[in-house]
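Quick notes on the structure that follows.
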Amino acid sequence: MGAANFKTNLKNLNIKKKIVLVGALLAMISVFMPWYRDIDRFNTGDMFLGITGPMYLAGIIIFTSGIATFGHIALGLLEKPRPKLPLKEQHFYVLSACVAGLMIILTSSVYFHPKFGMNVANKSMQIGMIFGIIGAAMVLGGAIWMAKKAEVNFDVEGKV
């Protein structure tokens, strides 16, 4: 299997799966970017990446769900056998996006709680968390679009 086959398979991939693929990649990358920053009155504070700080396990779970989604589609592009799933492919992607979304909500609820931080003057969401939200939303949107069966076929006659 050459690079030409991979490129052809990627070009032939439907738009729904491309959205899921890009969303999963964005969610995976987001955990290595800054997620949260707080500054106190003395202009000192903390900054946490998605996989550092008190919520590092949430970042690891987001990365794992992204890699599972991305890997499942990438194996198809590489024409390798995919693992058997106990549910439909699009439902797996919905589950993965929901897990990532839940972890982002959990992380935000901790970081932006009033009792988190000491003498904090400014708490701010950073680009990594925003990319994580966008990535999870793309995976969820693409997966729901894949699951939606709104095809109309006028070539088939109905039965009474």
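Chain labels A, B, ... are given in the sequence in which chains occur in the structure tokens; within each chain residues are numbered consecutively from 1, and ligands are likewise numbered from 1 in the order shown.
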
Hey, what's within 8 Å of A:Gly23 if we count only C-alpha atoms and toss same-chain stuff fewer than 4 positions away? As an MDAnalysis selection string, please?
chainID A and resid 19 27 134:139

For A:Gly59, list every protein, DNA or RNA residue within 8 Å, evaluated using only C-alpha atoms, and leave out those in the same chain fewer than 4 positions away; present the list as a ChimeraX atom specification.
/A:31,50-52,55,63,103

List the spatial neighbours of A:Phe131 as a tab-separated table (two decimals) with N, CA and C atoms, in the first residue's frame - criterion: any atom at most 12 Å away, only C-alpha atoms, same-chain residues fewer than 2 positions off excluded.
```
chain	number	residue	atom	x	y	z
A	22	VAL	N	-10.98	15.17	11.32
A	22	VAL	CA	-10.35	16.44	11.68
A	22	VAL	C	-10.68	16.81	13.13
A	23	GLY	N	-11.92	16.58	13.55
A	23	GLY	CA	-12.32	16.87	14.92
A	23	GLY	C	-11.54	16.04	15.93
A	24	ALA	N	-11.35	14.76	15.63
A	24	ALA	CA	-10.58	13.90	16.53
A	24	ALA	C	-9.13	14.35	16.60
A	25	LEU	N	-8.56	14.73	15.46
A	25	LEU	CA	-7.19	15.23	15.44
A	25	LEU	C	-7.05	16.52	16.24
A	26	LEU	N	-8.02	17.40	16.09
A	26	LEU	CA	-8.01	18.67	16.83
A	26	LEU	C	-8.12	18.43	18.34
A	27	ALA	N	-8.97	17.49	18.74
A	27	ALA	CA	-9.11	17.16	20.17
A	27	ALA	C	-7.82	16.56	20.72
A	28	MET	N	-7.15	15.72	19.93
A	28	MET	CA	-5.89	15.13	20.37
A	28	MET	C	-4.80	16.19	20.53
A	29	ILE	N	-4.72	17.10	19.59
A	29	ILE	CA	-3.70	18.16	19.64
A	29	ILE	C	-3.98	19.11	20.80
A	30	SER	N	-5.24	19.34	21.10
A	30	SER	CA	-5.62	20.34	22.11
A	30	SER	C	-5.07	20.03	23.50
A	31	VAL	N	-4.88	18.76	23.83
A	31	VAL	CA	-4.42	18.43	25.18
A	31	VAL	C	-2.96	18.80	25.40
A	32	PHE	N	-2.23	19.12	24.35
A	32	PHE	CA	-0.84	19.54	24.48
A	32	PHE	C	-0.70	21.07	24.42
A	33	MET	N	-1.82	21.76	24.44
A	33	MET	CA	-1.84	23.22	24.41
A	33	MET	C	-2.34	23.75	25.75
A	34	PRO	N	-2.12	25.05	26.03
A	34	PRO	CA	-2.61	25.62	27.29
A	34	PRO	C	-4.14	25.59	27.37
A	35	TRP	N	-4.66	25.14	28.52
A	35	TRP	CA	-6.10	25.07	28.74
A	35	TRP	C	-6.60	26.14	29.70
A	50	GLY	N	-3.65	20.67	28.79
A	50	GLY	CA	-4.72	19.69	28.94
A	50	GLY	C	-4.29	18.44	29.69
A	62	ILE	N	-9.43	12.46	27.09
A	62	ILE	CA	-9.76	13.13	25.84
A	62	ILE	C	-8.81	12.68	24.73
A	100	ALA	N	-15.38	12.93	25.52
A	100	ALA	CA	-14.49	14.10	25.46
A	100	ALA	C	-15.21	15.35	25.96
A	101	GLY	N	-16.45	15.54	25.55
A	101	GLY	CA	-17.23	16.70	26.00
A	101	GLY	C	-17.45	16.68	27.50
A	104	ILE	N	-14.29	17.75	29.23
A	104	ILE	CA	-14.07	19.20	29.11
A	104	ILE	C	-14.97	19.95	30.09
A	125	MET	N	-9.87	30.92	30.07
A	125	MET	CA	-9.82	29.72	29.26
A	125	MET	C	-8.81	29.99	28.15
A	126	GLN	N	-7.95	29.04	27.89
A	126	GLN	CA	-6.91	29.21	26.87
A	126	GLN	C	-7.27	28.46	25.59
A	127	ILE	N	-6.44	28.60	24.58
A	127	ILE	CA	-6.72	28.09	23.24
A	127	ILE	C	-6.87	26.56	23.20
A	128	GLY	N	-6.17	25.84	24.04
A	128	GLY	CA	-6.26	24.38	24.04
A	128	GLY	C	-7.66	23.90	24.40
A	129	MET	N	-8.27	24.51	25.40
A	129	MET	CA	-9.63	24.10	25.79
A	129	MET	C	-10.63	24.47	24.69
A	133	ILE	N	-13.00	21.81	22.71
A	133	ILE	CA	-14.46	21.95	22.55
A	133	ILE	C	-14.83	21.86	21.08
A	134	ILE	N	-14.10	22.57	20.23
A	134	ILE	CA	-14.38	22.54	18.79
A	134	ILE	C	-14.18	21.13	18.23
A	135	GLY	N	-13.11	20.47	18.63
A	135	GLY	CA	-12.84	19.11	18.15
A	135	GLY	C	-13.92	18.13	18.55
A	136	ALA	N	-14.33	18.17	19.82
A	136	ALA	CA	-15.39	17.27	20.28
A	136	ALA	C	-16.71	17.58	19.57
A	137	ALA	N	-16.99	18.86	19.34
A	137	ALA	CA	-18.21	19.24	18.63
A	137	ALA	C	-18.18	18.77	17.18
A	138	MET	N	-17.01	18.84	16.55
A	138	MET	CA	-16.89	18.35	15.16
A	138	MET	C	-17.11	16.85	15.08
```

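Between A:Arg41 and the candidates A:Pro86, A:Lys123, A:Asn12, A:Ala147, the tightest atom-to-atom separation, counting only C-alpha atoms, involves A:Lys123.
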
So what do you get for atom CA of A:Lys16 versus atom CA of A:Ala143, distance-wise?
7.1 Å

Identify, with DSSP run on backbone atoms, the residues in stretch 77-138 of chain A assigned to alpha helix (DSSP H), and express the list as number ranges by chain.
A: 77, 89-111, 127-138

Residue neighbourhood A:Ser96, 8 Å, only C-alpha atoms, exclusion window fewer than 3 positions, as number ranges by chain
A: 65-66, 68-69, 92-93, 99-100

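Each of A:Leu77, A:Tyr36, A:Gly141, A:Phe70 was compared to A:Gly117 using only C-alpha atoms, and A:Tyr36 turns out to be the nearest.
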
Extract, using only C-alpha atoms, all DNA, RNA and protein residues at most 12 Å from A:Leu75, discarding same-chain residues fewer than 5 positions from it, and format them as a PyMOL selection string.
chain A and resi 6+9-10+21+67-70+80-83

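You will find atom CA of A:Leu140 at 8.4 Å from atom CA of A:Leu95.
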
Find the residues near A:Ile15: any atom within 10 Å, counting only C-alpha atoms, skip ones fewer than 4 places away on the same chain, and give them as a PyMOL selection string.
chain A and resi 11+19-21+142+145-146

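Distances from A:Ala97, A:Ala58, A:Ile73, A:Leu13 to A:Val110 were compared using only C-alpha atoms, and the smallest one belongs to A:Ala58.
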
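Across the structure, atom CA of A:Asn43 and atom CA of A:Tyr111 are spaced 18.1 Å apart.
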
If you run DSSP over the backbone, which residues in stretch 21-86 of chain A end up strand (DSSP E)? Put them as a JSON list (two decimals) with N, CA, C and O atoms, in the first residue's frame.
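Saved as out-v8.json:
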```json
[["chain", "number", "residue", "atom", "x", "y", "z"],
["A", 34, "PRO", "N", -2.12, 25.05, 26.03],
["A", 34, "PRO", "CA", -2.61, 25.62, 27.29],
["A", 34, "PRO", "C", -4.14, 25.59, 27.37],
["A", 34, "PRO", "O", -4.82, 25.96, 26.42],
["A", 35, "TRP", "N", -4.66, 25.14, 28.52],
["A", 35, "TRP", "CA", -6.10, 25.07, 28.74],
["A", 35, "TRP", "C", -6.60, 26.14, 29.70],
["A", 35, "TRP", "O", -7.71, 26.61, 29.58],
["A", 36, "TYR", "N", -5.81, 26.45, 30.69],
["A", 36, "TYR", "CA", -6.29, 27.31, 31.76],
["A", 36, "TYR", "C", -5.15, 28.16, 32.29],
["A", 36, "TYR", "O", -4.01, 27.71, 32.37],
["A", 37, "ARG", "N", -5.49, 29.40, 32.67],
["A", 37, "ARG", "CA", -4.48, 30.28, 33.26],
["A", 37, "ARG", "C", -5.16, 31.14, 34.31],
["A", 37, "ARG", "O", -6.26, 31.66, 34.08],
["A", 38, "ASP", "N", -4.50, 31.28, 35.45],
["A", 38, "ASP", "CA", -5.01, 32.21, 36.47],
["A", 38, "ASP", "C", -3.87, 33.12, 36.93],
["A", 38, "ASP", "O", -2.72, 32.72, 36.98],
["A", 39, "ILE", "N", -4.24, 34.35, 37.20],
["A", 39, "ILE", "CA", -3.26, 35.36, 37.61],
["A", 39, "ILE", "C", -3.77, 36.00, 38.90],
["A", 39, "ILE", "O", -4.95, 36.34, 39.01],
["A", 40, "ASP", "N", -2.86, 36.20, 39.86],
["A", 40, "ASP", "CA", -3.25, 36.87, 41.11],
["A", 40, "ASP", "C", -2.87, 38.35, 41.05],
["A", 40, "ASP", "O", -2.45, 38.87, 40.01],
["A", 45, "GLY", "N", 0.92, 33.30, 38.77],
["A", 45, "GLY", "CA", -0.17, 32.34, 38.75],
["A", 45, "GLY", "C", 0.24, 31.04, 38.09],
["A", 45, "GLY", "O", 1.42, 30.75, 37.93],
["A", 46, "ASP", "N", -0.75, 30.29, 37.69],
["A", 46, "ASP", "CA", -0.54, 28.98, 37.09],
["A", 46, "ASP", "C", -1.12, 28.93, 35.69],
["A", 46, "ASP", "O", -2.09, 29.62, 35.37],
["A", 47, "MET", "N", -0.51, 28.08, 34.87],
["A", 47, "MET", "CA", -1.05, 27.77, 33.56],
["A", 47, "MET", "C", -0.96, 26.26, 33.40],
["A", 47, "MET", "O", 0.08, 25.67, 33.68],
["A", 48, "PHE", "N", -2.06, 25.65, 32.98],
["A", 48, "PHE", "CA", -2.09, 24.21, 32.83],
["A", 48, "PHE", "C", -2.38, 23.84, 31.39],
["A", 48, "PHE", "O", -3.25, 24.43, 30.76],
["A", 49, "LEU", "N", -1.66, 22.84, 30.89],
["A", 49, "LEU", "CA", -1.98, 22.23, 29.61],
["A", 49, "LEU", "C", -3.12, 21.23, 29.86],
["A", 49, "LEU", "O", -3.48, 20.94, 31.01]]
```
